[in-house]
>>> print(open('structure.tsv').read())   # TSV, N, CA and C atoms
chain	number	residue	atom	x	y	z
A	11	MET	N	71.44	-21.59	-75.70
A	11	MET	CA	71.39	-21.92	-74.29
A	11	MET	C	72.65	-21.38	-73.66
A	12	GLY	N	72.49	-20.64	-72.61
A	12	GLY	CA	73.64	-20.08	-71.94
A	12	GLY	C	74.31	-21.08	-71.03
A	13	ARG	N	75.46	-20.71	-70.54
A	13	ARG	CA	76.22	-21.57	-69.65
A	13	ARG	C	75.44	-21.89	-68.39
A	14	LEU	N	74.71	-20.90	-67.87
A	14	LEU	CA	73.90	-21.11	-66.67
A	14	LEU	C	72.81	-22.14	-66.93
A	15	SER	N	72.15	-22.06	-68.08
A	15	SER	CA	71.11	-23.03	-68.42
A	15	SER	C	71.69	-24.42	-68.55
A	16	ALA	N	72.87	-24.53	-69.17
A	16	ALA	CA	73.51	-25.84	-69.32
A	16	ALA	C	73.87	-26.41	-67.95
A	17	LEU	N	74.35	-25.56	-67.04
A	17	LEU	CA	74.70	-26.03	-65.70
A	17	LEU	C	73.45	-26.45	-64.93
A	18	LEU	N	72.37	-25.69	-65.10
A	18	LEU	CA	71.12	-26.06	-64.46
A	18	LEU	C	70.63	-27.41	-64.98
A	19	LEU	N	70.68	-27.59	-66.28
A	19	LEU	CA	70.29	-28.86	-66.88
A	19	LEU	C	71.16	-29.98	-66.34
A	20	ALA	N	72.46	-29.75	-66.27
A	20	ALA	CA	73.38	-30.76	-65.76
A	20	ALA	C	73.03	-31.13	-64.32
A	21	GLY	N	72.68	-30.14	-63.50
A	21	GLY	CA	72.29	-30.40	-62.12
A	21	GLY	C	71.03	-31.24	-62.03
A	22	ILE	N	70.06	-30.92	-62.86
A	22	ILE	CA	68.82	-31.69	-62.88
A	22	ILE	C	69.08	-33.13	-63.30
A	23	VAL	N	69.87	-33.30	-64.36
A	23	VAL	CA	70.18	-34.65	-64.84
A	23	VAL	C	70.96	-35.41	-63.78
A	24	CYS	N	71.88	-34.75	-63.09
A	24	CYS	CA	72.67	-35.39	-62.05
A	24	CYS	C	71.76	-35.92	-60.94
A	25	CYS	N	70.84	-35.08	-60.48
A	25	CYS	CA	69.90	-35.51	-59.44
A	25	CYS	C	69.05	-36.66	-59.93
A	26	TRP	N	68.61	-36.58	-61.16
A	26	TRP	CA	67.78	-37.64	-61.73
A	26	TRP	C	68.56	-38.94	-61.79
A	27	CYS	N	69.85	-38.86	-62.17
A	27	CYS	CA	70.69	-40.07	-62.26
A	27	CYS	C	70.91	-40.67	-60.88
A	28	LEU	N	71.07	-39.84	-59.87
A	28	LEU	CA	71.24	-40.36	-58.52
A	28	LEU	C	69.99	-41.09	-58.05
A	29	LEU	N	68.83	-40.58	-58.44
A	29	LEU	CA	67.58	-41.23	-58.09
A	29	LEU	C	67.38	-42.53	-58.85
A	30	ALA	N	68.01	-42.64	-60.02
A	30	ALA	CA	67.88	-43.86	-60.81
A	30	ALA	C	68.52	-45.04	-60.11
A	31	GLY	N	69.47	-44.77	-59.22
A	31	GLY	CA	70.07	-45.83	-58.42
A	31	GLY	C	71.10	-46.63	-59.18
A	32	PRO	N	71.61	-47.67	-58.52
A	32	PRO	CA	72.70	-48.46	-59.08
A	32	PRO	C	72.30	-49.33	-60.26
A	33	ALA	N	70.98	-49.45	-60.55
A	33	ALA	CA	70.54	-50.30	-61.64
A	33	ALA	C	70.95	-49.74	-63.01
A	34	ALA	N	71.22	-48.45	-63.08
A	34	ALA	CA	71.57	-47.82	-64.35
A	34	ALA	C	73.01	-48.20	-64.71
A	35	ALA	N	73.14	-49.16	-65.60
A	35	ALA	CA	74.46	-49.67	-65.97
A	35	ALA	C	75.24	-48.67	-66.81
A	36	LYS	N	74.57	-48.02	-67.74
A	36	LYS	CA	75.23	-47.04	-68.62
A	36	LYS	C	74.39	-45.78	-68.65
A	37	ARG	N	75.07	-44.70	-68.97
A	37	ARG	CA	74.40	-43.42	-69.18
A	37	ARG	C	74.63	-43.03	-70.63
A	38	LEU	N	73.56	-42.98	-71.39
A	38	LEU	CA	73.64	-42.70	-72.82
A	38	LEU	C	72.83	-41.46	-73.14
A	39	ALA	N	73.30	-40.69	-74.11
A	39	ALA	CA	72.55	-39.50	-74.51
A	39	ALA	C	72.68	-39.28	-76.01
A	40	LEU	N	71.56	-38.91	-76.61
A	40	LEU	CA	71.54	-38.43	-77.99
A	40	LEU	C	71.23	-36.94	-77.92
A	41	VAL	N	72.18	-36.13	-78.38
A	41	VAL	CA	71.99	-34.67	-78.39
A	41	VAL	C	72.10	-34.18	-79.82
A	42	VAL	N	71.10	-33.43	-80.25
A	42	VAL	CA	71.01	-32.98	-81.64
A	42	VAL	C	70.75	-31.48	-81.66
A	43	GLY	N	71.48	-30.78	-82.53
A	43	GLY	CA	71.26	-29.36	-82.74
A	43	GLY	C	71.26	-29.06	-84.23
A	44	ILE	N	70.27	-28.31	-84.67
A	44	ILE	CA	70.16	-27.97	-86.09
A	44	ILE	C	69.98	-26.46	-86.24
A	45	ASP	N	70.96	-25.83	-86.88
A	45	ASP	CA	70.90	-24.41	-87.23
A	45	ASP	C	70.60	-24.23	-88.71
A	46	ALA	N	71.18	-25.08	-89.55
A	46	ALA	CA	71.22	-24.89	-91.00
A	46	ALA	C	70.12	-25.70	-91.69
A	47	TYR	N	68.93	-25.14	-91.75
A	47	TYR	CA	67.83	-25.79	-92.47
A	47	TYR	C	67.90	-25.43	-93.94
A	48	GLN	N	67.62	-26.41	-94.78
A	48	GLN	CA	67.68	-26.19	-96.23
A	48	GLN	C	66.49	-25.39	-96.74
A	49	ASN	N	65.31	-25.59	-96.13
A	49	ASN	CA	64.09	-24.99	-96.64
A	49	ASN	C	63.30	-24.20	-95.60
A	50	LEU	N	63.90	-23.94	-94.46
A	50	LEU	CA	63.27	-23.17	-93.39
A	50	LEU	C	64.26	-22.10	-92.92
A	51	PRO	N	63.77	-21.10	-92.20
A	51	PRO	CA	64.69	-20.08	-91.69
A	51	PRO	C	65.77	-20.71	-90.80
A	52	PRO	N	67.01	-20.27	-90.94
A	52	PRO	CA	68.08	-20.83	-90.10
A	52	PRO	C	67.92	-20.38	-88.65
A	53	LEU	N	68.54	-21.15	-87.77
A	53	LEU	CA	68.59	-20.79	-86.35
A	53	LEU	C	70.01	-20.36	-86.01
A	54	ALA	N	70.18	-19.67	-84.90
A	54	ALA	CA	71.49	-19.12	-84.56
A	54	ALA	C	72.20	-19.87	-83.43
A	55	ARG	N	71.48	-20.57	-82.57
A	55	ARG	CA	72.13	-21.12	-81.38
A	55	ARG	C	71.83	-22.59	-81.10
A	56	ALA	N	71.11	-23.26	-81.95
A	56	ALA	CA	70.75	-24.65	-81.67
A	56	ALA	C	71.97	-25.56	-81.57
A	57	VAL	N	72.93	-25.39	-82.47
A	57	VAL	CA	74.13	-26.23	-82.43
A	57	VAL	C	74.96	-25.90	-81.19
A	58	SER	N	75.06	-24.63	-80.84
A	58	SER	CA	75.83	-24.30	-79.62
A	58	SER	C	75.12	-24.84	-78.38
A	59	ASP	N	73.78	-24.86	-78.37
A	59	ASP	CA	73.04	-25.47	-77.26
A	59	ASP	C	73.33	-26.97	-77.19
A	60	GLU	N	73.31	-27.63	-78.33
A	60	GLU	CA	73.60	-29.07	-78.39
A	60	GLU	C	74.99	-29.35	-77.84
A	61	ARG	N	75.96	-28.53	-78.22
A	61	ARG	CA	77.33	-28.73	-77.74
A	61	ARG	C	77.43	-28.51	-76.23
A	62	ALA	N	76.75	-27.48	-75.71
A	62	ALA	CA	76.79	-27.20	-74.28
A	62	ALA	C	76.16	-28.33	-73.47
A	63	VAL	N	75.01	-28.81	-73.93
A	63	VAL	CA	74.34	-29.91	-73.24
A	63	VAL	C	75.19	-31.17	-73.33
A	64	GLY	N	75.75	-31.44	-74.50
A	64	GLY	CA	76.62	-32.61	-74.65
A	64	GLY	C	77.82	-32.56	-73.72
A	65	ALA	N	78.44	-31.38	-73.58
A	65	ALA	CA	79.59	-31.23	-72.68
A	65	ALA	C	79.17	-31.45	-71.23
A	66	ALA	N	78.03	-30.89	-70.85
A	66	ALA	CA	77.55	-31.07	-69.47
A	66	ALA	C	77.26	-32.54	-69.18
A	67	LEU	N	76.64	-33.22	-70.13
A	67	LEU	CA	76.33	-34.64	-69.93
A	67	LEU	C	77.60	-35.49	-69.92
A	68	THR	N	78.57	-35.13	-70.74
A	68	THR	CA	79.85	-35.84	-70.73
A	68	THR	C	80.50	-35.72	-69.36
A	69	ASP	N	80.45	-34.53	-68.79
A	69	ASP	CA	81.00	-34.32	-67.45
A	69	ASP	C	80.30	-35.17	-66.40
A	70	LEU	N	79.05	-35.54	-66.66
A	70	LEU	CA	78.28	-36.38	-65.75
A	70	LEU	C	78.45	-37.87	-66.05
A	71	GLY	N	79.32	-38.20	-66.99
A	71	GLY	CA	79.60	-39.60	-67.28
A	71	GLY	C	78.74	-40.23	-68.36
A	72	PHE	N	78.04	-39.42	-69.13
A	72	PHE	CA	77.23	-39.96	-70.21
A	72	PHE	C	78.08	-40.23	-71.44
A	73	THR	N	77.76	-41.28	-72.15
A	73	THR	CA	78.29	-41.52	-73.49
A	73	THR	C	77.39	-40.77	-74.45
A	74	ILE	N	77.97	-39.91	-75.27
A	74	ILE	CA	77.20	-39.01	-76.12
A	74	ILE	C	77.21	-39.47	-77.58
A	75	ILE	N	76.03	-39.48	-78.17
A	75	ILE	CA	75.89	-39.56	-79.62
A	75	ILE	C	75.40	-38.19	-80.03
A	76	ALA	N	76.21	-37.47	-80.78
A	76	ALA	CA	75.88	-36.09	-81.13
A	76	ALA	C	75.53	-35.98	-82.61
A	77	GLY	N	74.63	-35.08	-82.90
A	77	GLY	CA	74.26	-34.80	-84.29
A	77	GLY	C	74.11	-33.31	-84.50
A	78	GLU	N	74.78	-32.80	-85.50
A	78	GLU	CA	74.68	-31.38	-85.84
A	78	GLU	C	74.21	-31.24	-87.27
A	79	ASN	N	73.14	-30.48	-87.46
A	79	ASN	CA	72.58	-30.21	-88.79
A	79	ASN	C	72.32	-31.51	-89.55
A	80	VAL	N	71.64	-32.44	-88.89
A	80	VAL	CA	71.41	-33.76	-89.46
A	80	VAL	C	70.21	-33.79	-90.40
A	81	THR	N	70.32	-34.60	-91.43
A	81	THR	CA	69.22	-34.88	-92.34
A	81	THR	C	68.33	-35.94	-91.71
A	82	ARG	N	67.22	-36.21	-92.33
A	82	ARG	CA	66.34	-37.27	-91.85
A	82	ARG	C	67.07	-38.60	-91.81
A	83	ARG	N	67.80	-38.93	-92.85
A	83	ARG	CA	68.54	-40.19	-92.90
A	83	ARG	C	69.58	-40.26	-91.77
A	84	GLU	N	70.31	-39.17	-91.56
A	84	GLU	CA	71.32	-39.14	-90.49
A	84	GLU	C	70.67	-39.27	-89.11
A	85	MET	N	69.51	-38.64	-88.93
A	85	MET	CA	68.80	-38.74	-87.66
A	85	MET	C	68.34	-40.17	-87.41
A	86	ASN	N	67.84	-40.81	-88.44
A	86	ASN	CA	67.45	-42.22	-88.32
A	86	ASN	C	68.64	-43.07	-87.89
A	87	ARG	N	69.81	-42.80	-88.46
A	87	ARG	CA	71.03	-43.54	-88.12
A	87	ARG	C	71.42	-43.31	-86.66
A	88	LYS	N	71.35	-42.05	-86.21
A	88	LYS	CA	71.68	-41.73	-84.82
A	88	LYS	C	70.73	-42.44	-83.86
A	89	LEU	N	69.44	-42.44	-84.18
A	89	LEU	CA	68.46	-43.13	-83.33
A	89	LEU	C	68.72	-44.63	-83.30
A	90	ALA	N	69.06	-45.21	-84.44
A	90	ALA	CA	69.38	-46.64	-84.49
A	90	ALA	C	70.65	-46.94	-83.71
A	91	ASP	N	71.65	-46.07	-83.81
A	91	ASP	CA	72.89	-46.25	-83.04
A	91	ASP	C	72.59	-46.24	-81.54
A	92	LEU	N	71.77	-45.28	-81.11
A	92	LEU	CA	71.41	-45.20	-79.69
A	92	LEU	C	70.65	-46.45	-79.26
A	93	GLU	N	69.68	-46.83	-80.04
A	93	GLU	CA	68.87	-48.01	-79.70
A	93	GLU	C	69.74	-49.25	-79.55
A	94	GLY	N	70.77	-49.37	-80.41
A	94	GLY	CA	71.66	-50.52	-80.35
A	94	GLY	C	72.52	-50.58	-79.09
A	95	LEU	N	72.65	-49.47	-78.40
A	95	LEU	CA	73.47	-49.41	-77.19
A	95	LEU	C	72.67	-49.60	-75.90
A	96	ILE	N	71.35	-49.47	-75.98
A	96	ILE	CA	70.52	-49.49	-74.78
A	96	ILE	C	70.29	-50.91	-74.29
A	97	ASN	N	70.52	-51.08	-72.98
A	97	ASN	CA	70.22	-52.34	-72.29
A	97	ASN	C	69.31	-52.04	-71.12
A	98	PRO	N	68.59	-53.05	-70.62
A	98	PRO	CA	67.76	-52.82	-69.44
A	98	PRO	C	68.58	-52.22	-68.29
A	99	GLY	N	68.02	-51.24	-67.63
A	99	GLY	CA	68.70	-50.59	-66.51
A	99	GLY	C	69.52	-49.39	-66.89
A	100	ASP	N	69.72	-49.14	-68.19
A	100	ASP	CA	70.49	-47.98	-68.63
A	100	ASP	C	69.67	-46.70	-68.46
A	101	THR	N	70.37	-45.60	-68.29
A	101	THR	CA	69.75	-44.27	-68.27
A	101	THR	C	69.96	-43.66	-69.64
A	102	VAL	N	68.88	-43.18	-70.26
A	102	VAL	CA	68.96	-42.60	-71.60
A	102	VAL	C	68.37	-41.19	-71.56
A	103	PHE	N	69.09	-40.26	-72.18
A	103	PHE	CA	68.69	-38.86	-72.21
A	103	PHE	C	68.66	-38.41	-73.67
A	104	PHE	N	67.63	-37.65	-74.05
A	104	PHE	CA	67.52	-37.13	-75.41
A	104	PHE	C	67.35	-35.62	-75.34
A	105	PHE	N	68.13	-34.91	-76.19
A	105	PHE	CA	68.03	-33.45	-76.27
A	105	PHE	C	67.99	-33.06	-77.73
A	106	PHE	N	67.05	-32.17	-78.08
A	106	PHE	CA	66.94	-31.67	-79.44
A	106	PHE	C	66.79	-30.16	-79.40
A	107	ALA	N	67.60	-29.47	-80.18
A	107	ALA	CA	67.47	-28.02	-80.36
A	107	ALA	C	67.33	-27.77	-81.86
A	108	GLY	N	66.21	-27.22	-82.25
A	108	GLY	CA	65.95	-26.97	-83.66
A	108	GLY	C	64.48	-26.65	-83.85
A	109	HIS	N	64.05	-26.62	-85.10
A	109	HIS	CA	62.64	-26.34	-85.40
A	109	HIS	C	61.78	-27.55	-85.06
A	110	GLY	N	60.60	-27.28	-84.61
A	110	GLY	CA	59.62	-28.32	-84.33
A	110	GLY	C	58.24	-27.69	-84.26
A	111	PHE	N	57.23	-28.52	-84.14
A	111	PHE	CA	55.86	-28.02	-84.02
A	111	PHE	C	55.01	-29.07	-83.34
A	112	GLU	N	53.79	-28.67	-82.98
A	112	GLU	CA	52.85	-29.56	-82.32
A	112	GLU	C	51.52	-29.51	-83.06
A	113	ILE	N	50.96	-30.68	-83.30
A	113	ILE	CA	49.63	-30.79	-83.90
A	113	ILE	C	48.86	-31.83	-83.10
A	114	GLY	N	47.74	-31.43	-82.55
A	114	GLY	CA	46.87	-32.37	-81.85
A	114	GLY	C	47.54	-33.12	-80.71
A	115	GLY	N	48.44	-32.45	-80.00
A	115	GLY	CA	49.10	-33.08	-78.87
A	115	GLY	C	50.33	-33.90	-79.22
A	116	GLU	N	50.66	-33.99	-80.51
A	116	GLU	CA	51.88	-34.70	-80.92
A	116	GLU	C	52.94	-33.70	-81.31
A	117	ASN	N	54.16	-33.93	-80.84
A	117	ASN	CA	55.28	-33.05	-81.13
A	117	ASN	C	56.12	-33.62	-82.26
A	118	TYR	N	56.54	-32.75	-83.18
A	118	TYR	CA	57.33	-33.15	-84.33
A	118	TYR	C	58.62	-32.36	-84.35
A	119	LEU	N	59.73	-33.06	-84.55
A	119	LEU	CA	61.05	-32.45	-84.64
A	119	LEU	C	61.49	-32.49	-86.10
A	120	LEU	N	62.04	-31.38	-86.60
A	120	LEU	CA	62.34	-31.27	-88.02
A	120	LEU	C	63.82	-31.43	-88.31
A	121	PRO	N	64.18	-32.36	-89.20
A	121	PRO	CA	65.57	-32.49	-89.64
A	121	PRO	C	65.91	-31.36	-90.61
A	122	THR	N	67.16	-31.22	-90.91
A	122	THR	CA	67.63	-30.11	-91.75
A	122	THR	C	67.07	-30.14	-93.17
A	123	ASP	N	66.72	-31.32	-93.67
A	123	ASP	CA	66.26	-31.44	-95.05
A	123	ASP	C	64.74	-31.52	-95.21
A	124	VAL	N	63.99	-31.16	-94.17
A	124	VAL	CA	62.53	-31.17	-94.29
A	124	VAL	C	62.14	-30.14	-95.35
A	125	LEU	N	61.13	-30.49	-96.13
A	125	LEU	CA	60.66	-29.57	-97.15
A	125	LEU	C	59.89	-28.42	-96.50
A	126	GLY	N	59.94	-27.24	-97.09
A	126	GLY	CA	59.29	-26.08	-96.50
A	126	GLY	C	58.04	-25.64	-97.23
A	127	SER	N	57.58	-26.37	-98.20
A	127	SER	CA	56.42	-25.97	-99.00
A	127	SER	C	55.14	-26.02	-98.18
A	128	SER	N	54.24	-25.08	-98.42
A	128	SER	CA	52.96	-25.09	-97.72
A	128	SER	C	52.05	-26.21	-98.23
A	129	VAL	N	52.36	-26.78	-99.38
A	129	VAL	CA	51.58	-27.89	-99.93
A	129	VAL	C	51.99	-29.19	-99.27
A	130	TYR	N	53.21	-29.26	-98.85
A	130	TYR	CA	53.80	-30.45	-98.24
A	130	TYR	C	53.39	-30.55	-96.78
A	131	ASP	N	53.04	-31.74	-96.32
A	131	ASP	CA	52.73	-31.95	-94.91
A	131	ASP	C	54.04	-32.24	-94.18
A	132	PRO	N	54.52	-31.32	-93.33
A	132	PRO	CA	55.82	-31.50	-92.68
A	132	PRO	C	55.88	-32.70	-91.76
A	133	ARG	N	54.72	-33.26	-91.39
A	133	ARG	CA	54.72	-34.47	-90.55
A	133	ARG	C	55.36	-35.63	-91.29
A	134	ASP	N	55.32	-35.58	-92.63
A	134	ASP	CA	55.91	-36.67	-93.42
A	134	ASP	C	57.43	-36.70	-93.35
A	135	GLY	N	58.06	-35.58	-93.08
A	135	GLY	CA	59.52	-35.52	-93.05
A	135	GLY	C	60.08	-35.25	-91.67
A	136	SER	N	59.27	-35.45	-90.62
A	136	SER	CA	59.70	-35.11	-89.27
A	136	SER	C	59.72	-36.35	-88.40
A	137	PHE	N	60.13	-36.14	-87.15
A	137	PHE	CA	60.15	-37.20	-86.14
A	137	PHE	C	59.18	-36.82	-85.06
A	138	THR	N	58.36	-37.77	-84.64
A	138	THR	CA	57.40	-37.49	-83.60
A	138	THR	C	57.87	-38.06	-82.28
A	139	PHE	N	57.68	-37.28	-81.20
A	139	PHE	CA	58.04	-37.70	-79.87
A	139	PHE	C	56.91	-37.34	-78.94
A	140	LYS	N	56.59	-38.23	-78.02
A	140	LYS	CA	55.53	-37.98	-77.04
A	140	LYS	C	56.12	-37.98	-75.66
>>> encode(input="structure.tsv", output="structure tokens")
Amino acid sequence: MGRLSALLLAGIVCCWCLLAGPAAAKRLALVVGIDAYQNLPPLARAVSDERAVGAALTDLGFTIIAGENVTRREMNRKLADLEGLINPGDTVFFFFAGHGFEIGGENYLLPTDVLGSSVYDPRDGSFTFK
């Protein structure tokens, strides 16, 4: 993600936060970037995208939980950490840069340790988001 894209994202998030109004007590974000997959082709810019988005959100007053090249266990921990911080009225933002796929309208995000075998169902080692 280039600097321009990060600034555009920051502008969108800023406008969205202003629309959220004064009820948003905290601004929280989980930003994850994975370049180094153990069993899939590596990526070149996912971690730098995660860092750029995290920096833009920090500038907007978000508390950031960041994850780089996280395993499934580490991703579960990051999600639990975020969940533990959320209160009613908070604004929460999630960003993921890495491998993912869609099956039947469901999106799956892949941690760094997902198995790459064609016999293995990658849905078993991924995270689903709707």
>>> closest_residue(input="structure.tsv", among="A:Leu40, A:Leu119, A:Ala90, A:Ala35", to="Phe104 (chain A)", atoms="only C-alpha atoms")
A:Leu40
>>> atom_distance(input="structure.tsv", atom1="atom C of His109 (chain A)", atom2="CA of Gln48 (chain A)")
12.7 Å
>>> residues_around(input="structure.tsv", residues="Arg55 (chain A)", least_positions_apart="5", cutoff="8 Å", atoms="all atoms listed in the file", output="PyMOL selection string")
chain A and resi 11+43-45+60-61+107-108
>>> closest_residue(input="structure.tsv", among="A:Arg37, A:Glu116, A:Thr122, A:Ala62", to="Arg83 (chain A)", atoms="only N, CA and C atoms")
A:Thr122
>>> atom_distance(input="structure.tsv", atom1="CA of Ala46 (chain A)", atom2="CA of Val63 (chain A)")
18.7 Å
>>> select_by_dssp(input="structure.tsv", residues="region 53-125 of chain A", states="helix (DSSP H, G or I)", output="number ranges by chain")
A: 56-69, 82-95
>>> closest_residue(input="structure.tsv", among="A:Val102, A:Leu50, A:Val41, A:Val80", to="Gly64 (chain A)", atoms="only C-alpha atoms")
A:Val41
>>> atom_distance(input="structure.tsv", atom1="atom C of Asn86 (chain A)", atom2="CA of Ala66 (chain A)")
23.7 Å
>>> closest_residue(input="structure.tsv", among="A:Val42, A:Ala76, A:Leu120, A:Val57", to="Phe105 (chain A)", atoms="only C-alpha atoms")
A:Val42
